[in-house]
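To start, the structure under review is shown below, and the notes come after it.
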Amino acid sequence: MLLKLDVTDEQMALVNQYAAKHSLTPEEAFKAALFERIEDEQDLKAYNDAMAEYRKDPVSRSFKELADELGLE
(Lines give C-alpha, C1' and ligand atoms only; values in the text may rest on other atoms or scores of the structure.)
Protein backbone atom coordinates (compact mmCIF):
# COMPACT_ATOMS: atom_id res chain seq x y z
CA MET A 1 0.00 0.00 0.00
CA LEU A 2 1.29 3.43 -0.84
CA LEU A 3 0.74 6.35 1.53
CA LYS A 4 1.33 9.91 0.44
CA LEU A 5 2.04 12.67 2.97
CA ASP A 6 2.28 16.38 2.34
CA VAL A 7 5.05 17.91 4.43
CA THR A 8 6.82 21.24 4.25
CA ASP A 9 10.40 21.51 3.05
CA GLU A 10 11.46 22.24 6.63
CA GLN A 11 9.67 19.15 7.93
CA MET A 12 11.21 16.98 5.23
CA ALA A 13 14.68 18.32 6.04
CA LEU A 14 14.11 17.34 9.67
CA VAL A 15 12.96 13.87 8.64
CA ASN A 16 15.98 13.45 6.38
CA GLN A 17 18.35 14.50 9.19
CA TYR A 18 16.70 12.12 11.65
CA ALA A 19 16.69 9.25 9.16
CA ALA A 20 20.34 9.74 8.25
CA LYS A 21 21.35 9.90 11.92
CA HIS A 22 19.65 6.54 12.53
CA SER A 23 20.69 4.91 9.24
CA LEU A 24 17.10 4.79 7.99
CA THR A 25 15.36 5.87 4.86
CA PRO A 26 12.78 8.63 5.35
CA GLU A 27 10.08 6.02 4.72
CA GLU A 28 11.49 3.75 7.44
CA ALA A 29 11.70 6.69 9.84
CA PHE A 30 8.05 7.64 9.28
CA LYS A 31 6.92 4.04 9.66
CA ALA A 32 8.95 3.46 12.84
CA ALA A 33 7.70 6.70 14.39
CA LEU A 34 4.07 5.92 13.59
CA PHE A 35 4.15 2.42 15.01
CA GLU A 36 6.09 3.54 18.09
CA ARG A 37 3.39 6.15 18.73
CA ILE A 38 0.64 3.56 18.32
CA GLU A 39 2.43 1.19 20.72
CA ASP A 40 2.92 3.99 23.26
CA GLU A 41 -0.80 4.78 23.18
CA GLN A 42 -1.70 1.09 23.59
CA ASP A 43 0.72 0.82 26.55
CA LEU A 44 -0.79 3.93 28.15
CA LYS A 45 -4.31 2.53 27.75
CA ALA A 46 -3.26 -0.79 29.32
CA TYR A 47 -1.69 1.13 32.22
CA ASN A 48 -4.77 3.30 32.72
CA ASP A 49 -7.07 0.26 32.59
CA ALA A 50 -4.91 -1.59 35.14
CA MET A 51 -4.79 1.44 37.45
CA ALA A 52 -8.57 1.86 37.24
CA GLU A 53 -9.01 -1.81 38.16
CA TYR A 54 -6.55 -1.45 41.06
CA ARG A 55 -8.31 1.66 42.35
CA LYS A 56 -11.61 -0.27 42.49
CA ASP A 57 -10.01 -3.01 44.61
CA PRO A 58 -6.57 -1.92 45.87
CA VAL A 59 -5.28 -5.30 46.93
CA SER A 60 -1.55 -5.81 46.81
CA ARG A 61 0.55 -8.92 47.29
CA SER A 62 4.22 -9.53 47.85
CA PHE A 63 6.24 -11.09 45.06
CA LYS A 64 6.32 -14.38 46.99
CA GLU A 65 2.54 -14.37 47.44
CA LEU A 66 2.03 -13.74 43.73
CA ALA A 67 4.55 -16.43 42.76
CA ASP A 68 2.79 -18.91 45.09
CA GLU A 69 -0.59 -17.93 43.63
CA LEU A 70 0.70 -18.54 40.10
CA GLY A 71 2.48 -21.75 41.06
CA LEU A 72 5.94 -20.36 40.35
CA GLU A 73 9.05 -21.19 42.33
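In the C-alpha coordinates, each chain is lettered A, B, ... as it comes, each chain's residues begin at 1, and ligands are numbered from 1 in order of appearance.
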message: From a backbone DSSP assignment, name each residue in chain A labelled helix (DSSP H, G or I), as number ranges by chain.
response: A: 9-21, 26-56, 63-69
message: I'd like the neighbourhood of Thr25 of chain A as number ranges by chain, where a residue qualifies if any of its atoms comes within 8 Å (using only C-alpha atoms), though same-chain residues fewer than 5 positions away should be ignored.
response: A: 16, 19-20
Those residues with C-alpha atoms, as a PDB file, in the first residue's frame please?
ATOM      1  CA  ASN A  16      15.979  13.448   6.384  1.00  0.00           C
ATOM      2  CA  ALA A  19      16.686   9.246   9.157  1.00  0.00           C
ATOM      3  CA  ALA A  20      20.340   9.744   8.252  1.00  0.00           C
TER       4      ALA A  20
END
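The shortest atom-to-atom distance to Leu2 of chain A, with only C-alpha atoms taken into account, belongs to A:Lys31 out of A:Lys31, A:His22, A:Lys45, A:Arg55.
Between atom CA of Lys56 of chain A and atom CA of Asp40 of chain A lies a distance of 24.5 Å.
The space between atom CA of Arg61 of chain A and atom CA of Asp49 of chain A spans 18.9 Å.
What separates atom CA of Ile38 of chain A from atom CA of Tyr54 of chain A is a distance of 24.4 Å.
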